[in-house]
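Structure file coords.tsv (TSV, C-alpha atoms and all ligand atoms) is printed below.
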chain	number	residue	atom	x	y	z
P	1	MET	CA	-41.94	40.41	35.77
P	2	ALA	CA	-42.51	44.09	36.48
P	3	ARG	CA	-39.98	46.50	35.06
P	4	ILE	CA	-40.27	50.10	36.14
P	5	PHE	CA	-39.06	53.28	34.50
P	6	ASN	CA	-35.64	53.86	36.04
P	7	PHE	CA	-34.41	57.47	35.86
P	8	SER	CA	-31.22	56.81	37.81
P	9	ALA	CA	-28.13	58.79	36.78
P	10	GLY	CA	-25.97	55.69	36.74
P	11	PRO	CA	-25.69	52.79	36.86
P	12	ALA	CA	-28.76	53.31	34.74
P	13	THR	CA	-31.48	51.61	32.77
P	14	LEU	CA	-30.36	49.25	30.01
P	15	PRO	CA	-32.30	48.37	26.85
P	16	GLU	CA	-34.74	45.58	27.61
P	17	PRO	CA	-33.82	43.54	24.51
P	18	VAL	CA	-30.20	43.58	25.69
P	19	LEU	CA	-31.17	42.28	29.12
P	20	ALA	CA	-33.34	39.62	27.51
P	21	GLN	CA	-30.45	38.47	25.34
P	22	VAL	CA	-28.12	38.37	28.35
P	23	ARG	CA	-30.65	36.20	30.15
P	24	GLU	CA	-31.00	33.97	27.12
P	25	GLU	CA	-27.24	33.48	26.85
P	26	LEU	CA	-26.41	33.53	30.55
P	27	LEU	CA	-25.80	29.84	31.23
P	28	ASP	CA	-24.55	28.79	27.84
P	29	TRP	CA	-23.07	31.36	25.50
P	30	ARG	CA	-23.70	30.06	21.99
P	31	GLY	CA	-22.96	26.41	22.62
P	32	THR	CA	-19.78	26.93	24.65
P	33	GLY	CA	-21.48	25.44	27.71
P	34	MET	CA	-20.43	28.37	29.85
P	35	SER	CA	-21.39	31.89	30.74
P	36	VAL	CA	-19.40	34.83	29.38
P	37	MET	CA	-18.53	35.49	33.04
P	38	GLU	CA	-16.73	32.16	33.20
P	39	MET	CA	-14.71	32.44	30.01
P	40	SER	CA	-11.01	33.03	29.68
P	41	HIS	CA	-10.41	36.36	28.03
P	42	ARG	CA	-7.66	34.68	26.03
P	43	ASP	CA	-9.85	32.04	24.41
P	44	LYS	CA	-11.55	32.36	21.07
P	45	PRO	CA	-15.14	32.86	22.24
P	46	PHE	CA	-14.33	35.93	24.31
P	47	MET	CA	-11.86	37.22	21.71
P	48	SER	CA	-14.72	37.20	19.20
P	49	ILE	CA	-16.98	39.05	21.64
P	50	ALA	CA	-14.28	41.68	22.17
P	51	THR	CA	-13.54	42.10	18.47
P	52	ASP	CA	-17.23	42.34	17.56
P	53	CYS	CA	-17.81	44.92	20.25
P	54	GLU	CA	-15.02	47.13	18.94
P	55	LYS	CA	-16.30	46.71	15.38
P	56	ASN	CA	-19.77	47.82	16.41
P	57	VAL	CA	-18.50	50.73	18.50
P	58	ARG	CA	-16.43	51.94	15.53
P	59	GLU	CA	-19.34	51.57	13.15
P	60	VAL	CA	-21.96	53.23	15.34
P	61	LEU	CA	-19.75	56.15	16.40
P	62	ASP	CA	-18.08	56.41	12.97
P	63	ILE	CA	-14.58	56.25	14.46
P	64	PRO	CA	-11.78	56.83	11.93
P	65	ALA	CA	-8.94	54.29	11.56
P	66	ASN	CA	-6.37	56.61	13.14
P	67	TYR	CA	-8.17	56.41	16.49
P	68	LYS	CA	-7.64	53.62	19.00
P	69	VAL	CA	-10.62	52.20	20.85
P	70	LEU	CA	-9.69	50.96	24.31
P	71	PHE	CA	-11.68	49.11	26.95
P	72	MET	CA	-10.29	50.06	30.32
P	73	GLN	CA	-11.30	49.98	34.00
P	74	GLY	CA	-11.37	52.46	36.85
P	75	GLY	CA	-14.17	54.58	35.41
P	76	ALA	CA	-13.95	58.16	34.27
P	77	THR	CA	-12.43	58.93	37.66
P	78	ALA	CA	-9.26	57.02	36.77
P	79	GLN	CA	-9.18	58.82	33.40
P	80	PHE	CA	-9.01	62.13	35.26
P	81	GLY	CA	-5.38	61.18	35.99
P	82	ILE	CA	-4.67	58.85	33.07
P	83	ALA	CA	-5.49	61.54	30.50
P	84	PRO	CA	-2.81	63.99	31.68
P	85	GLN	CA	-0.32	61.15	32.21
P	86	ASN	CA	-0.68	60.31	28.53
P	87	LEU	CA	-1.42	63.57	26.81
P	88	LEU	CA	1.00	66.06	28.35
P	89	ARG	CA	3.67	64.80	25.93
P	90	GLY	CA	6.50	66.87	27.33
P	91	ARG	CA	4.35	69.88	28.07
P	92	THR	CA	3.51	70.97	31.58
P	93	THR	CA	0.15	72.73	31.31
P	94	ALA	CA	-3.40	71.78	30.36
P	95	ASP	CA	-6.56	73.88	30.11
P	96	TYR	CA	-9.89	72.91	31.71
P	97	LEU	CA	-13.38	74.24	31.05
P	98	LEU	CA	-15.53	73.95	34.15
P	99	THR	CA	-19.25	73.62	33.53
P	100	GLY	CA	-20.09	71.43	36.53
P	101	ASP	CA	-18.76	69.34	39.39
P	102	TRP	CA	-17.30	66.60	37.20
P	103	GLY	CA	-15.11	69.00	35.27
P	104	LYS	CA	-13.99	70.44	38.58
P	105	LYS	CA	-13.03	66.99	39.83
P	106	ALA	CA	-11.19	66.25	36.59
P	107	ALA	CA	-9.18	69.49	36.91
P	108	LYS	CA	-8.32	68.76	40.53
P	109	GLU	CA	-6.96	65.31	39.72
P	110	ALA	CA	-5.06	66.62	36.68
P	111	GLY	CA	-3.41	69.10	39.03
P	112	LYS	CA	-1.40	66.18	40.43
P	113	PHE	CA	0.37	65.89	37.07
P	114	ALA	CA	0.09	69.24	35.32
P	115	LYS	CA	-0.24	72.95	35.81
P	116	VAL	CA	-3.95	73.32	35.28
P	117	GLY	CA	-5.35	76.47	33.73
P	118	ILE	CA	-9.06	77.13	34.17
P	119	ALA	CA	-10.04	78.35	30.71
P	120	ALA	CA	-13.49	79.31	31.97
P	121	SER	CA	-15.90	78.39	34.75
P	122	SER	CA	-19.59	78.92	35.33
P	123	GLU	CA	-19.35	77.99	39.01
P	124	GLY	CA	-20.20	81.56	40.03
P	125	ASP	CA	-23.58	81.01	38.34
P	126	LYS	CA	-24.02	77.61	39.99
P	127	PHE	CA	-23.08	75.84	36.77
P	128	THR	CA	-26.26	76.78	34.95
P	129	HIS	CA	-24.68	77.55	31.58
P	130	ILE	CA	-21.61	77.17	29.40
P	131	PRO	CA	-19.40	80.25	29.52
P	132	ASP	CA	-19.30	82.24	26.27
P	133	PRO	CA	-16.27	81.07	24.22
P	134	ALA	CA	-15.31	84.71	23.60
P	135	GLY	CA	-14.34	84.94	27.28
P	136	TRP	CA	-12.28	81.74	27.52
P	137	THR	CA	-8.61	82.06	28.48
P	138	LEU	CA	-6.72	79.51	26.41
P	139	ASN	CA	-3.04	78.98	27.03
P	140	PRO	CA	-1.13	78.47	23.75
P	141	GLU	CA	1.24	76.18	25.66
P	142	ALA	CA	-1.53	73.90	26.91
P	143	ALA	CA	-1.10	70.25	25.92
P	144	TYR	CA	-4.88	69.88	25.61
P	145	LEU	CA	-8.21	71.46	26.43
P	146	HIS	CA	-10.49	69.35	28.64
P	147	LEU	CA	-14.26	69.65	28.86
P	148	THR	CA	-17.15	67.60	30.19
P	149	SER	CA	-19.52	67.27	27.24
P	150	ASN	CA	-22.44	66.62	29.59
P	151	GLU	CA	-22.44	67.57	33.25
P	152	THR	CA	-24.54	64.82	34.79
P	153	ILE	CA	-25.34	66.63	38.03
P	154	HIS	CA	-26.17	70.07	36.67
P	155	GLY	CA	-27.76	69.03	33.37
P	156	VAL	CA	-25.52	71.20	31.19
P	157	GLN	CA	-24.44	69.87	27.79
P	158	PHE	CA	-22.23	71.19	25.01
P	159	ARG	CA	-24.05	71.51	21.69
P	160	HIS	CA	-21.02	72.82	19.80
P	161	PHE	CA	-17.40	72.05	20.41
P	162	PRO	CA	-14.52	74.48	20.08
P	163	SER	CA	-12.12	74.10	17.18
P	164	GLY	CA	-8.66	75.50	16.60
P	165	THR	CA	-7.66	74.84	20.21
P	166	ALA	CA	-5.14	72.39	21.65
P	167	PRO	CA	-6.35	68.78	21.21
P	168	LEU	CA	-9.78	68.50	22.73
P	169	VAL	CA	-10.32	65.99	25.54
P	170	ALA	CA	-13.91	65.19	26.44
P	171	ASP	CA	-15.37	63.33	29.40
P	172	MET	CA	-18.46	61.89	27.69
P	173	SER	CA	-19.47	59.60	30.54
P	174	SER	CA	-23.08	60.69	30.52
P	175	ASP	CA	-23.66	61.44	26.84
P	176	ILE	CA	-21.55	59.02	24.84
P	177	ALA	CA	-23.52	57.73	21.85
P	178	CYS	CA	-26.51	59.97	22.58
P	179	ARG	CA	-26.39	61.91	19.28
P	180	PRO	CA	-24.45	62.10	16.02
P	181	LEU	CA	-21.02	63.60	16.60
P	182	ASP	CA	-17.77	63.91	14.67
P	183	VAL	CA	-15.09	62.04	16.60
P	184	ARG	CA	-12.45	63.86	14.53
P	185	GLN	CA	-13.05	66.98	16.61
P	186	PHE	CA	-11.47	65.26	19.61
P	187	GLY	CA	-8.01	64.06	20.57
P	188	LEU	CA	-9.41	61.92	23.36
P	189	ILE	CA	-12.87	60.84	24.46
P	190	TYR	CA	-13.48	58.79	27.60
P	191	ALA	CA	-16.64	57.50	29.20
P	192	GLY	CA	-17.61	55.18	32.01
P	193	ALA	CA	-20.04	52.66	30.51
P	194	GLN	CA	-22.67	52.64	33.22
P	195	LYS	CA	-24.97	55.35	31.89
P	196	ASN	CA	-25.44	54.93	28.18
P	197	ILE	CA	-23.51	51.91	26.96
P	198	GLY	CA	-23.41	49.10	29.48
P	199	PRO	CA	-22.86	47.97	33.05
P	200	ALA	CA	-20.36	49.57	35.43
P	201	GLY	CA	-16.79	48.33	35.39
P	202	LEU	CA	-15.87	49.30	31.85
P	203	THR	CA	-14.46	52.57	30.55
P	204	LEU	CA	-14.51	53.32	26.84
P	205	VAL	CA	-11.54	55.33	25.57
P	206	ILE	CA	-11.22	56.69	22.04
P	207	VAL	CA	-7.87	58.32	21.39
P	208	ARG	CA	-6.11	59.68	18.30
P	209	GLU	CA	-3.06	57.54	17.77
P	210	ASP	CA	-0.56	60.33	17.18
P	211	LEU	CA	-1.21	61.58	20.73
P	212	ILE	CA	-0.17	58.39	22.49
P	213	GLY	CA	3.17	56.83	23.32
P	214	SER	CA	4.89	59.35	25.56
P	215	VAL	CA	3.57	58.94	29.06
P	216	LEU	CA	4.86	60.70	32.15
P	217	PRO	CA	7.62	58.79	33.98
P	218	GLY	CA	6.09	56.52	36.61
P	219	THR	CA	2.88	55.85	34.68
P	220	LEU	CA	1.69	52.27	35.13
P	221	SER	CA	1.59	50.24	31.92
P	222	ILE	CA	-2.08	49.58	32.53
P	223	HIS	CA	-2.62	53.34	32.30
P	224	ASP	CA	-0.47	53.81	29.20
P	225	TYR	CA	-2.81	54.10	26.21
P	226	ARG	CA	-0.19	52.77	23.82
P	227	ALA	CA	0.55	49.72	25.95
P	228	VAL	CA	-3.17	49.08	26.36
P	229	ALA	CA	-3.70	49.45	22.60
P	230	GLU	CA	-0.81	47.16	21.74
P	231	ASN	CA	-2.28	44.53	24.01
P	232	GLU	CA	-5.82	44.90	22.66
P	233	SER	CA	-7.04	46.10	26.06
P	234	MET	CA	-5.96	42.79	27.59
P	235	LEU	CA	-2.83	43.81	29.40
P	236	ASN	CA	-4.59	42.46	32.47
P	237	THR	CA	-7.89	40.66	32.93
P	238	PRO	CA	-10.47	42.98	31.44
P	239	SER	CA	-13.99	43.56	32.65
P	240	THR	CA	-15.23	40.77	30.42
P	241	PHE	CA	-18.92	40.70	31.26
P	242	SER	CA	-19.34	44.46	30.99
P	243	TRP	CA	-17.46	44.41	27.69
P	244	TYR	CA	-19.85	41.75	26.39
P	245	VAL	CA	-22.95	43.69	27.45
P	246	CYS	CA	-21.49	46.87	25.96
P	247	GLY	CA	-21.21	45.03	22.65
P	248	LEU	CA	-24.88	44.06	22.88
P	249	VAL	CA	-25.84	47.69	23.58
P	250	PHE	CA	-24.05	48.85	20.43
P	251	GLN	CA	-25.79	46.10	18.44
P	252	TRP	CA	-29.06	47.36	19.87
P	253	ILE	CA	-28.22	50.93	18.77
P	254	LYS	CA	-27.69	49.59	15.23
P	255	ALA	CA	-30.97	47.72	15.33
P	256	GLU	CA	-32.76	50.88	16.49
P	257	GLY	CA	-31.57	52.68	13.35
P	258	GLY	CA	-28.14	53.84	14.48
P	259	ILE	CA	-26.99	56.96	16.20
P	260	ALA	CA	-29.12	59.30	14.07
P	261	ALA	CA	-32.32	57.56	15.13
P	262	ILE	CA	-31.19	57.36	18.76
P	263	GLY	CA	-30.29	61.06	18.70
P	264	ALA	CA	-33.64	62.06	17.23
P	265	ARG	CA	-35.48	60.07	19.89
P	266	ASN	CA	-33.37	61.60	22.65
P	267	GLU	CA	-34.19	65.10	21.33
P	268	ARG	CA	-37.90	64.27	21.35
P	269	LYS	CA	-37.76	62.95	24.90
P	270	ALA	CA	-35.87	65.97	26.22
P	271	GLN	CA	-38.04	68.41	24.30
P	272	ALA	CA	-41.22	66.93	25.72
P	273	LEU	CA	-39.95	67.23	29.28
P	274	TYR	CA	-38.51	70.75	28.92
P	275	ASP	CA	-41.63	71.94	27.08
P	276	TYR	CA	-43.73	70.73	29.95
P	277	ILE	CA	-41.45	72.31	32.59
P	278	ASP	CA	-41.32	75.64	30.75
P	279	GLY	CA	-45.07	75.73	30.24
P	280	GLN	CA	-46.07	75.78	33.92
P	281	ASP	CA	-45.06	77.42	37.20
P	282	PHE	CA	-44.72	74.56	39.67
P	283	TYR	CA	-41.45	72.95	38.55
P	284	ARG	CA	-38.32	74.81	37.47
P	285	ASN	CA	-35.14	74.01	35.60
P	286	PRO	CA	-32.39	76.62	36.10
P	287	VAL	CA	-30.21	75.85	33.06
P	288	ARG	CA	-29.90	78.27	30.14
P	289	LYS	CA	-32.04	76.87	27.34
P	290	ALA	CA	-29.25	76.59	24.76
P	291	ASP	CA	-27.10	74.58	27.19
P	292	ARG	CA	-29.69	72.17	28.55
P	293	SER	CA	-28.83	68.51	28.59
P	294	ILE	CA	-30.84	65.98	26.63
P	295	MET	CA	-29.61	63.28	29.05
P	296	ASN	CA	-30.06	64.65	32.58
P	297	VAL	CA	-32.92	67.01	33.41
P	298	PRO	CA	-32.75	68.52	36.92
P	299	PHE	CA	-35.84	70.24	38.25
P	300	THR	CA	-36.99	71.69	41.55
P	301	LEU	CA	-40.30	71.85	43.37
P	302	PRO	CA	-41.54	75.04	45.07
P	303	GLN	CA	-41.33	73.70	48.64
P	304	PRO	CA	-38.53	71.15	48.75
P	305	GLU	CA	-38.69	70.60	52.53
P	306	THR	CA	-42.23	69.34	52.41
P	307	GLN	CA	-42.72	68.28	48.79
P	308	ASP	CA	-39.55	66.48	47.67
P	309	ALA	CA	-39.99	63.36	49.80
P	310	GLU	CA	-43.65	63.16	48.92
P	311	PHE	CA	-42.91	63.56	45.22
P	312	LEU	CA	-40.36	60.75	45.31
P	313	LYS	CA	-42.62	58.42	47.26
P	314	GLY	CA	-45.50	58.97	44.86
P	315	ALA	CA	-43.17	58.51	41.91
P	316	VAL	CA	-42.13	55.05	43.07
P	317	ALA	CA	-45.78	54.14	43.56
P	318	ALA	CA	-46.36	55.28	39.95
P	319	GLY	CA	-43.55	53.04	38.70
P	320	LEU	CA	-40.91	55.78	38.34
P	321	SER	CA	-37.65	55.40	40.25
P	322	GLY	CA	-34.28	57.13	40.61
P	323	LEU	CA	-35.60	60.70	40.43
P	324	LYS	CA	-33.84	62.11	43.48
P	325	GLY	CA	-31.47	64.89	42.44
P	326	HIS	CA	-27.78	64.90	43.31
P	327	ARG	CA	-27.08	66.11	46.83
P	328	ALA	CA	-24.96	68.95	45.37
P	329	VAL	CA	-27.97	70.62	43.76
P	330	GLY	CA	-30.97	69.05	45.50
P	331	GLY	CA	-34.39	68.73	43.93
P	332	MET	CA	-35.08	66.11	41.30
P	333	ARG	CA	-33.22	64.84	38.28
P	334	ALA	CA	-34.59	62.72	35.47
P	335	SER	CA	-31.83	60.90	33.63
P	336	ILE	CA	-33.24	59.99	30.26
P	337	TYR	CA	-30.44	58.04	28.64
P	338	ASN	CA	-30.68	56.13	25.36
P	339	ALA	CA	-32.44	53.17	26.94
P	340	MET	CA	-35.25	55.24	28.48
P	341	PRO	CA	-38.24	54.81	26.19
P	342	GLU	CA	-40.45	57.74	25.17
P	343	ALA	CA	-43.23	56.07	27.15
P	344	GLY	CA	-41.13	56.53	30.29
P	345	VAL	CA	-40.85	60.27	29.75
P	346	ALA	CA	-44.57	60.47	29.00
P	347	ALA	CA	-45.32	58.62	32.24
P	348	LEU	CA	-43.06	60.99	34.16
P	349	ILE	CA	-44.77	64.06	32.70
P	350	ASP	CA	-48.19	62.60	33.55
P	351	TYR	CA	-47.08	62.02	37.11
P	352	MET	CA	-45.56	65.52	37.40
P	353	LYS	CA	-48.82	67.04	36.11
P	354	GLU	CA	-50.90	65.10	38.58
P	355	PHE	CA	-48.60	65.94	41.50
P	356	ALA	CA	-48.61	69.66	40.62
P	357	ARG	CA	-52.40	69.66	40.16
P	358	THR	CA	-53.01	68.30	43.64
P	359	ARG	CA	-50.29	70.36	45.41
P	360	GLY	CA	-50.12	73.53	43.31
P	401	LIG	N1	-17.75	62.19	34.76
P	401	LIG	C1	-19.07	62.31	34.64
P	401	LIG	C2	-19.61	63.32	33.67
P	401	LIG	C3	-19.91	61.50	35.39
P	401	LIG	O1	-21.23	61.63	35.29
P	401	LIG	C4	-19.36	60.55	36.29
P	401	LIG	C5	-20.21	59.61	37.10
P	401	LIG	N2	-21.42	60.06	37.50
P	401	LIG	C6	-17.98	60.49	36.40
P	401	LIG	C7	-17.20	61.30	35.61
P	401	LIG	C8	-17.33	59.51	37.32
P	401	LIG	O2	-17.43	58.29	36.70
P	401	LIG	P1	-16.96	56.91	37.32
P	401	LIG	O3	-17.86	56.65	38.47
P	401	LIG	O4	-17.14	55.99	36.17
P	401	LIG	O5	-15.54	57.05	37.72
Please express the file's structure as structure tokens.
Amino acid sequence: MARIFNFSAGPATLPEPVLAQVREELLDWRGTGMSVMEMSHRDKPFMSIATDCEKNVREVLDIPANYKVLFMQGGATAQFGIAPQNLLRGRTTADYLLTGDWGKKAAKEAGKFAKVGIAASSEGDKFTHIPDPAGWTLNPEAAYLHLTSNETIHGVQFRHFPSGTAPLVADMSSDIACRPLDVRQFGLIYAGAQKNIGPAGLTLVIVREDLIGSVLPGTLSIHDYRAVAENESMLNTPSTFSWYVCGLVFQWIKAEGGIAAIGARNERKAQALYDYIDGQDFYRNPVRKADRSIMNVPFTLPQPETQDAEFLKGAVAAGLSGLKGHRAVGGMRASIYNAMPEAGVAALIDYMKEFARTRG
């Protein structure tokens, strides 16, 4: 078996011990004689998987009791609409901070339900930084303030979160569980699982319970956080297999030393890559240093037309895949999520050095 270092932005690399356990349990989950994929979500075995997963998510992310943890479907994209449907609570406006394409998409979808105010945007600077909070325009009537904690395409990540604003809503799809964080700063957190915490098909939602229960008229029950919570995320058939694997990923985080250890390792990985990029002239990363992502590292080569394809081809031959940047920004992007080992980043840097040496 040959595993390669997979730098894909998502679906993304999963921890090898998790995959090994899935393989081990695939045909017969703990003496039940069936795969998790074949189980009724209503029967005891899956109920225990679901309960354990929530327990581990709460423990690892230190989620207070007054927050609901929901396992939904439809990805972060569905949450772009579900969030306003639930959180407007009689108000008509919501504020959005735009630090990349995902925030822009979220604001556009929210516009179908709310008057959207753009509190700030760095689009004029090609989303290469987070606008200075002193210049944000916050509407006192806004039901919430939405931000994208990590912009996957542009590699821009919030290090500090605003306080004293309307309830904070964060799309954490690409940086959930990547570092220690106080959940109490947020009214709502949502994240598609397929980058840091499991396979595609599952969306993790963490919502403060006093914010739920008054959805917009016409909201489907399956999109009503309170209805989902009251039914333990089983209002319809949930994404059982993804839920199971997500539980294993959180167990793995615990075994690795918890979120503090994971966060420290992520910082080391990102630091190594940025230090290398900043210390030479061949590759460039355009993001302001203070706002650089520890999860997604975009970089460009001096002659994209001739060098990009060659770089990618050589990378695959060196056992490094998924490095092609998003079409919106071009160039390369190394996604170095929790499951990417330090050895993977070291191998990438070695390859980058060698490529630059022969082409520079
Ligand atoms: N938000 C962010 C920050 C993302 O990175 C992505 C996926 N790349 C999405 C939203 C959309 O997620 P999904 O495909 O789960 O709907």
Looking at only C-alpha atoms and all ligand atoms, which of P:Asp175, P:Asp132, P:Asp224, P:Glu310 is the one that sits closest to ligand LIG 401 (chain P)? P:Asp175
Return as lines of an AutoDock Vina configuration file the centre and edge lengths, in Å with one decimal, of the box along x, y and z that encloses every atom of ligand LIG 401 (chain P) in the file, padded by 8 Å per side.
center_x = -18.5
center_y = 59.7
center_z = 36.1
size_x = 21.9
size_y = 23.3
size_z = 20.8
Once you count only C-alpha atoms and all ligand atoms, which residues end up within 7 Å of ligand LIG 401 (chain P), and could you hand them over as JSON, numbers by chain? {"P": [9, 10, 74, 75, 76, 77, 78, 102, 148, 150, 151, 152, 171, 172, 173, 174, 192]}
Which polymer residues have any atom within 10 Å of an atom of P:Ile336, counting all atoms listed in the file, with same-chain residues fewer than 5 positions away left out, as a list of chain:residue names? P:Phe5, P:Asn6, P:Phe7, P:Ser8, P:Ala9, P:Ala12, P:Thr13, P:Lys195, P:Asn196, P:Asn266, P:Lys269, P:Ala270, P:Leu273, P:Ser293, P:Ile294, P:Met295, P:Asn296, P:Val297, P:Pro341, P:Glu342, P:Gly344, P:Val345
What are the closest atom pairs, with distances in Å to one decimal, for all residues of stretch 105-204 of chain P lying within 10 Å of stretch 232-244 of chain P? Consider all atoms listed in the file, order rows by chain and residue number, and present the result as CSV.
residue,atom,partner,partner_atom,distance
P:Ala193,CA,P:Ser242,CA,8.2
P:Gln194,CA,P:Ser242,CA,9.1
P:Ile197,CA,P:Ser242,CA,9.4
P:Gly198,CA,P:Ser242,CA,6.4
P:Pro199,CA,P:Ser242,CA,5.4
P:Ala200,CA,P:Ser242,CA,6.8
P:Gly201,CA,P:Ser239,CA,6.2
P:Leu202,CA,P:Ser242,CA,6.0
P:Thr203,CA,P:Trp243,CA,9.2
P:Leu204,CA,P:Trp243,CA,9.4
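Rounded to one decimal, atom CA of P:Leu216 and atom CA of P:Ala191 lie 21.9 Å from each other.
Among the candidates P:Leu70, P:Cys53, P:Val169, P:Ser48, the residue lying nearest to P:Tyr96 is P:Val169 (atoms considered: all atoms listed in the file).
From atom CA of P:Asp52 back to atom CA of P:Tyr225, the distance works out to 20.5 Å.
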